[in-house]
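Q: What follows is model18.pdb, PDB, C-alpha atoms.
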ATOM      1  CA  TRP A   1      70.981 123.163 122.159
ATOM      2  CA  TYR A   2      68.256 122.460 124.692
ATOM      3  CA  SER A   3      64.946 121.115 123.402
ATOM      4  CA  ALA A   4      62.099 119.877 125.590
ATOM      5  CA  GLU A   5      61.283 117.391 122.826
ATOM      6  CA  GLN A   6      64.696 115.773 123.302
ATOM      7  CA  ILE A   7      64.349 115.002 127.014
ATOM      8  CA  PRO A   8      63.892 111.214 127.041
ATOM      9  CA  ASP A   9      61.568 108.979 129.043
ATOM     10  CA  LEU A  10      59.808 111.515 131.255
ATOM     11  CA  ALA A  11      56.184 111.404 132.354
ATOM     12  CA  ASN A  12      54.095 114.554 132.371
ATOM     13  CA  GLY A  13      55.027 116.551 135.498
ATOM     14  CA  ALA A  14      58.282 114.695 136.144
ATOM     15  CA  ALA A  15      61.304 116.632 137.391
ATOM     16  CA  VAL A  16      63.920 117.528 134.778
ATOM     17  CA  ASP A  17      67.484 116.583 135.700
ATOM     18  CA  PRO A  18      69.367 116.880 133.508
ATOM     19  CA  TRP A  19      68.161 118.804 130.486
ATOM     20  CA  PRO A  20      70.421 117.136 127.931
ATOM     21  CA  ASP A  21      72.376 119.144 125.405
ATOM     22  CA  TRP A  22      71.041 117.902 122.064
ATOM     23  CA  HIS A  23      74.253 119.189 120.480
ATOM     24  CA  LEU A  24      75.953 116.235 122.179
ATOM     25  CA  GLU A  25      74.437 114.073 119.428
ATOM     26  CA  VAL A  26      76.714 115.742 116.894
ATOM     27  CA  ALA A  27      79.675 116.862 119.035
ATOM     28  CA  SER A  28      81.914 115.544 121.772
ATOM     29  CA  THR A  29      81.145 118.245 124.346
ATOM     30  CA  ASP A  30      78.960 117.498 127.375
ATOM     31  CA  ASP A  31      76.900 120.545 128.195
ATOM     32  CA  ASP A  32      73.877 119.038 129.965
ATOM     33  CA  ALA A  33      72.143 121.447 132.371
ATOM     34  CA  ASP A  34      71.334 119.867 135.723
ATOM     35  CA  GLN A  35      70.276 120.593 139.297
ATOM     36  CA  VAL A  36      71.584 118.727 142.344
ATOM     37  CA  THR A  37      68.816 120.024 144.645
ATOM     38  CA  ALA A  38      65.656 118.052 143.897
ATOM     39  CA  SER A  39      63.248 120.808 144.975
ATOM     40  CA  TYR A  40      64.875 123.251 142.519
ATOM     41  CA  ARG A  41      64.231 121.115 139.440
ATOM     42  CA  PRO A  42      61.653 122.286 136.883
ATOM     43  CA  GLN A  43      59.019 119.936 135.462
ATOM     44  CA  TRP A  44      58.586 118.431 132.014
ATOM     45  CA  LYS A  45      55.135 119.196 130.643
ATOM     46  CA  ALA A  46      53.422 117.692 127.596
ATOM     47  CA  ASN A  47      51.390 119.702 125.050
ATOM     48  CA  ARG A  48      52.416 123.115 126.343
ATOM     49  CA  GLN A  49      53.318 125.146 123.283
ATOM     50  CA  ASN A  50      51.633 124.546 119.948
ATOM     51  CA  GLY A  51      51.171 120.893 120.895
ATOM     52  CA  ARG A  52      54.819 120.472 121.894
ATOM     53  CA  PRO A  53      56.314 119.924 125.347
ATOM     54  CA  GLY A  54      57.930 122.526 127.561
ATOM     55  CA  VAL A  55      60.017 122.689 130.715
ATOM     56  CA  LYS A  56      57.966 124.435 133.417
ATOM     57  CA  PHE A  57      59.859 126.715 135.840
ATOM     58  CA  ASP A  58      58.056 127.727 139.027
ATOM     59  CA  GLY A  59      59.197 131.370 139.326
ATOM     60  CA  SER A  60      60.521 130.668 142.808
ATOM     61  CA  ASN A  61      63.767 128.697 142.850
ATOM     62  CA  ASP A  62      63.862 126.393 139.815
ATOM     63  CA  GLU A  63      67.136 126.555 137.905
ATOM     64  CA  LEU A  64      69.249 124.297 135.709
ATOM     65  CA  LYS A  65      72.990 124.908 135.396
ATOM     66  CA  ASN A  66      75.998 123.860 133.387
ATOM     67  CA  THR A  67      79.408 124.809 134.760
ATOM     68  CA  ASN A  68      80.858 124.703 131.226
ATOM     69  CA  GLY A  69      79.486 128.062 130.070
ATOM     70  CA  PRO A  70      79.359 128.738 126.317
ATOM     71  CA  ASN A  71      82.316 131.137 126.822
ATOM     72  CA  VAL A  72      81.724 132.790 123.459
ATOM     73  CA  SER A  73      82.420 136.295 122.238
ATOM     74  CA  ALA A  74      80.138 136.593 119.216
ATOM     75  CA  ILE A  75      76.755 134.964 119.822
ATOM     76  CA  THR A  76      73.317 134.225 118.422
ATOM     77  CA  ILE A  77      70.852 132.984 121.045
ATOM     78  CA  ALA A  78      67.267 131.958 120.376
ATOM     79  CA  CYS A  79      64.434 130.560 122.456
ATOM     80  CA  VAL A  80      60.760 129.675 122.405
ATOM     81  CA  ALA A  81      59.022 130.349 125.718
ATOM     82  CA  GLN A  82      55.658 130.998 127.330
ATOM     83  CA  VAL A  83      55.625 134.154 129.439
ATOM     84  CA  THR A  84      53.355 135.067 132.362
ATOM     85  CA  ALA A  85      53.111 138.426 134.095
ATOM     86  CA  ALA A  86      56.508 139.750 135.208
ATOM     87  CA  THR A  87      57.085 142.099 138.141
ATOM     88  CA  SER A  88      60.857 141.777 137.833
ATOM     89  CA  ASN A  89      63.339 140.548 135.235
ATOM     90  CA  GLN A  90      62.886 136.892 134.349
ATOM     91  CA  ILE A  91      65.869 134.967 133.015
ATOM     92  CA  VAL A  92      65.461 132.450 130.209
ATOM     93  CA  ALA A  93      69.205 131.857 129.904
ATOM     94  CA  ALA A  94      72.383 133.523 131.152
ATOM     95  CA  GLU A  95      76.116 133.010 131.514
ATOM     96  CA  TRP A  96      76.606 134.384 135.000
ATOM     97  CA  THR A  97      78.352 133.485 138.275
ATOM     98  CA  GLY A  98      78.043 135.942 141.147
ATOM     99  CA  ASP A  99      79.309 139.325 139.924
ATOM    100  CA  HIS A 100      81.067 137.691 136.979
ATOM    101  CA  ARG A 101      78.618 137.810 134.091
ATOM    102  CA  LYS A 102      78.684 137.758 130.315
ATOM    103  CA  PHE A 103      75.083 137.833 129.103
ATOM    104  CA  ALA A 104      71.474 137.532 130.227
ATOM    105  CA  PHE A 105      68.471 136.833 128.004
ATOM    106  CA  GLY A 106      64.835 137.013 129.032
ATOM    107  CA  ILE A 107      61.849 139.224 129.891
ATOM    108  CA  ASN A 108      62.158 142.460 131.848
ATOM    109  CA  SER A 109      59.852 143.871 134.522
ATOM    110  CA  LEU A 110      57.829 145.668 131.811
ATOM    111  CA  GLU A 111      57.123 142.242 130.283
ATOM    112  CA  ARG A 112      59.265 143.023 127.255
ATOM    113  CA  PRO A 113      62.090 140.911 125.826
ATOM    114  CA  TYR A 114      65.654 141.946 126.637
ATOM    115  CA  PHE A 115      69.226 140.838 126.030
ATOM    116  CA  GLY A 116      72.030 142.204 128.190
ATOM    117  CA  VAL A 117      75.757 141.768 127.527
ATOM    118  CA  SER A 118      78.548 142.765 129.893
ATOM    119  CA  SER A 119      81.777 144.316 128.629
ATOM    120  CA  ASP A 120      83.536 144.272 132.011
ATOM    121  CA  GLY A 121      81.884 141.411 133.892
ATOM    122  CA  THR A 122      79.757 143.772 135.995
ATOM    123  CA  ASN A 123      77.854 146.376 133.983
ATOM    124  CA  ASP A 124      75.508 145.513 131.135
ATOM    125  CA  ASN A 125      74.809 146.864 127.678
ATOM    126  CA  VAL A 126      71.109 146.065 127.336
ATOM    127  CA  VAL A 127      68.890 145.987 124.273
ATOM    128  CA  TYR A 128      65.176 145.558 124.867
ATOM    129  CA  SER A 129      61.873 145.963 123.095
ATOM    130  CA  THR A 130      60.185 149.302 123.813
ATOM    131  CA  ASP A 131      56.868 148.445 122.195
ATOM    132  CA  GLY A 132      54.341 145.999 123.601
ATOM    133  CA  THR A 133      54.441 143.211 126.141
ATOM    134  CA  VAL A 134      54.617 139.457 125.646
ATOM    135  CA  ARG A 135      52.479 138.458 128.619
ATOM    136  CA  SER A 136      50.560 135.159 128.344
ATOM    137  CA  THR A 137      51.855 134.424 124.865
ATOM    138  CA  VAL A 138      54.203 131.944 123.266
ATOM    139  CA  VAL A 139      57.135 134.070 122.144
ATOM    140  CA  LEU A 140      60.057 133.409 119.806
ATOM    141  CA  LEU A 141      63.121 135.479 120.742
ATOM    142  CA  VAL A 142      66.412 135.834 118.866
ATOM    143  CA  ALA A 143      69.325 138.049 119.958
ATOM    144  CA  THR A 144      72.782 138.600 118.461
ATOM    145  CA  HIS A 145      76.019 140.211 119.630
ATOM    146  CA  PRO A 146      78.996 140.633 117.251
ATOM    147  CA  GLY A 147      81.708 139.905 119.821
ATOM    148  CA  GLU A 148      83.236 143.327 119.287
ATOM    149  CA  ALA A 149      82.073 146.911 119.062
ATOM    150  CA  GLY A 150      79.018 146.954 116.826
ATOM    151  CA  ASP A 151      75.264 146.440 116.829
ATOM    152  CA  GLN A 152      73.451 144.159 119.247
ATOM    153  CA  VAL A 153      70.082 143.076 117.822
ATOM    154  CA  LEU A 154      66.895 141.701 119.383
ATOM    155  CA  ARG A 155      64.097 140.029 117.418
ATOM    156  CA  THR A 156      60.652 138.999 118.672
ATOM    157  CA  ASN A 157      58.336 136.679 116.738
ATOM    158  CA  MET A 158      60.387 137.003 113.541
ATOM    159  CA  VAL A 159      60.507 140.825 113.630
ATOM    160  CA  GLN A 160      63.492 142.989 114.624
ATOM    161  CA  VAL A 161      62.301 145.067 117.585
ATOM    162  CA  ALA A 162      65.462 146.722 118.886
ATOM    163  CA  THR A 163      69.124 147.392 118.215
ATOM    164  CA  THR A 164      71.841 149.217 120.113
ATOM    165  CA  SER A 165      75.547 149.940 119.674
ATOM    166  CA  VAL A 166      77.686 147.936 122.094
ATOM    167  CA  THR A 167      81.274 147.319 123.119
ATOM    168  CA  ASP A 168      83.071 143.992 123.363
ATOM    169  CA  MET A 169      81.545 141.127 125.323
ATOM    170  CA  PHE A 170      83.355 140.303 128.562
ATOM    171  CA  THR A 171      85.663 137.367 127.799
ATOM    172  CA  SER A 172      87.910 136.916 130.839
ATOM    173  CA  GLY A 173      87.189 133.536 132.412
ATOM    174  CA  THR A 174      84.153 131.297 132.219
ATOM    175  CA  SER A 175      80.853 131.655 134.064
ATOM    176  CA  ASP A 176      78.156 129.066 134.670
ATOM    177  CA  PHE A 177      75.444 128.749 132.037
ATOM    178  CA  ARG A 178      72.056 128.967 133.735
ATOM    179  CA  ILE A 179      68.483 128.310 132.595
ATOM    180  CA  GLY A 180      65.500 129.742 134.458
ATOM    181  CA  SER A 181      67.194 132.073 136.957
ATOM    182  CA  VAL A 182      70.493 133.605 138.047
ATOM    183  CA  VAL A 183      71.710 132.316 141.403
ATOM    184  CA  GLY A 184      68.223 132.349 142.895
ATOM    185  CA  VAL A 185      67.068 135.709 141.484
ATOM    186  CA  ASN A 186      65.234 136.796 138.336
ATOM    187  CA  GLU A 187      63.397 133.455 138.294
ATOM    188  CA  PHE A 188      61.471 132.480 135.181
ATOM    189  CA  ALA A 189      57.818 131.581 135.796
ATOM    190  CA  ASP A 190      56.499 129.486 132.931
ATOM    191  CA  ASP A 191      57.512 127.156 130.093
ATOM    192  CA  ILE A 192      60.717 127.093 128.070
ATOM    193  CA  CYS A 193      60.464 124.885 125.003
ATOM    194  CA  GLU A 194      63.811 125.351 123.291
ATOM    195  CA  ILE A 195      67.088 127.267 123.615
ATOM    196  CA  ILE A 196      69.721 127.392 120.880
ATOM    197  CA  ILE A 197      73.124 129.091 121.257
ATOM    198  CA  ILE A 198      75.473 129.593 118.298
ATOM    199  CA  ASP A 199      79.002 130.964 118.637
ATOM    200  CA  ARG A 200      78.704 133.567 115.877
ATOM    201  CA  VAL A 201      76.228 136.066 114.478
ATOM    202  CA  LEU A 202      74.033 134.413 111.874
ATOM    203  CA  ASN A 203      73.404 136.197 108.594
ATOM    204  CA  SER A 204      69.887 137.169 107.565
ATOM    205  CA  LYS A 205      69.198 133.984 105.611
ATOM    206  CA  GLU A 206      70.413 131.830 108.499
ATOM    207  CA  ILE A 207      68.235 133.754 110.963
ATOM    208  CA  ASP A 208      65.253 133.244 108.660
ATOM    209  CA  ALA A 209      65.955 129.493 108.647
ATOM    210  CA  LEU A 210      66.415 129.381 112.442
ATOM    211  CA  GLU A 211      63.206 131.284 113.084
ATOM    212  CA  GLY A 212      61.372 129.165 110.520
ATOM    213  CA  TYR A 213      62.435 126.014 112.384
ATOM    214  CA  LEU A 214      61.481 127.390 115.795
ATOM    215  CA  ASN A 215      58.206 128.851 114.557
TER     216      ASN A 215
END
The structure given in the file should be rewritten as structure tokens.
A:
Amino acid sequence: WYSAEQIPDLANGAAVDPWPDWHLEVASTDDDADQVTASYRPQWKANRQNGRPGVKFDGSNDELKNTNGPNVSAITIACVAQVTAATSNQIVAAEWTGDHRKFAFGINSLERPYFGVSSDGTNDNVVYSTDGTVRSTVVLLVATHPGEAGDQVLRTNMVQVATTSVTDMFTSGTSDFRIGSVVGVNEFADDICEIIIIDRVLNSKEIDALEGYLN
């Protein structure tokens, strides 16, 4: 659980390292996302989204990483982000190391939300919105994957926008969890306010509550 509001003691424009896992407050796991290269660290920005802070990625080489990937099969992932014009895919969050990948979540080159899940570590089953762009807006995205053959669902701003039938999620081994890019490509170019990952598919009432909180 990564929230820009839970990054302590940073001045406006300061580099983020690490982005602490808020879940650590209620669990024993340490899943902070960090960056050892100072020039690749995004910036903490005040009053970015509806009066709340965001983490600003530069669209060039900013990336935060946790080597302890979520390593889930079933998943619900949600984020609040500000999106600028996209000429290529932009990653909000992904579990991906080299050619070994599990999922990617973000905005595609048509400036539409997408969520891709790999069944074999290489090729992706992708669900994406086919109607409208999210350029220059604050967008709330929620995606789910059942962890087995079934329906993968994408929601934008509290409305289901796409669904597709998928196979199992790739589960062999663990990949790095990345925020803002994938190994120097598909770089995100604006603010990310919050990312929440849950290791199961939420039911409709739970999704309503999650989206109500993030909204």
Q: If I take atom CA of A:Thr67 and atom CA of A:Gly54, how far is one from the other in Å, to one decimal?
A: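 Separation between atom CA of A:Thr67 and atom CA of A:Gly54: 22.8 Å.
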Q: Given the choices A:Asn215, A:Ser181, A:Gln90, A:Thr144, which gets closest to A:Arg41 if the distance is worked out from all atoms listed in the file?
A: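 Nearest to A:Arg41: A:Ser181.
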Q: Which residues fall under the PyMOL selection byres ((chain A and resi 77) around 12) in this file, as an MDAnalysis selection string?
A: chainID A and resid 1:2 70 72 74:76 78:80 92:95 103:106 114:117 140:146 152:155 194:202 207 210:211
Q: Please report the interatomic distance between atom CA of A:Gly59 and atom CA of A:Val185 in Å with one decimal.
A: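 For atom CA of A:Gly59 relative to atom CA of A:Val185, the distance reads 9.2 Å.
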Q: Do you have the atom CA of A:Val159-atom CA of A:Asp21 distance handy?
A: 27.4 Å
Q: Go through A:Thr164, A:Asn89, A:Ser39, A:Asn71 one by one, measure the shortest atom-to-atom distance of each to A:Asp17 using all atoms listed in the file, and give the residue with the smallest value.
A: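 Nearest to A:Asp17: A:Ser39.
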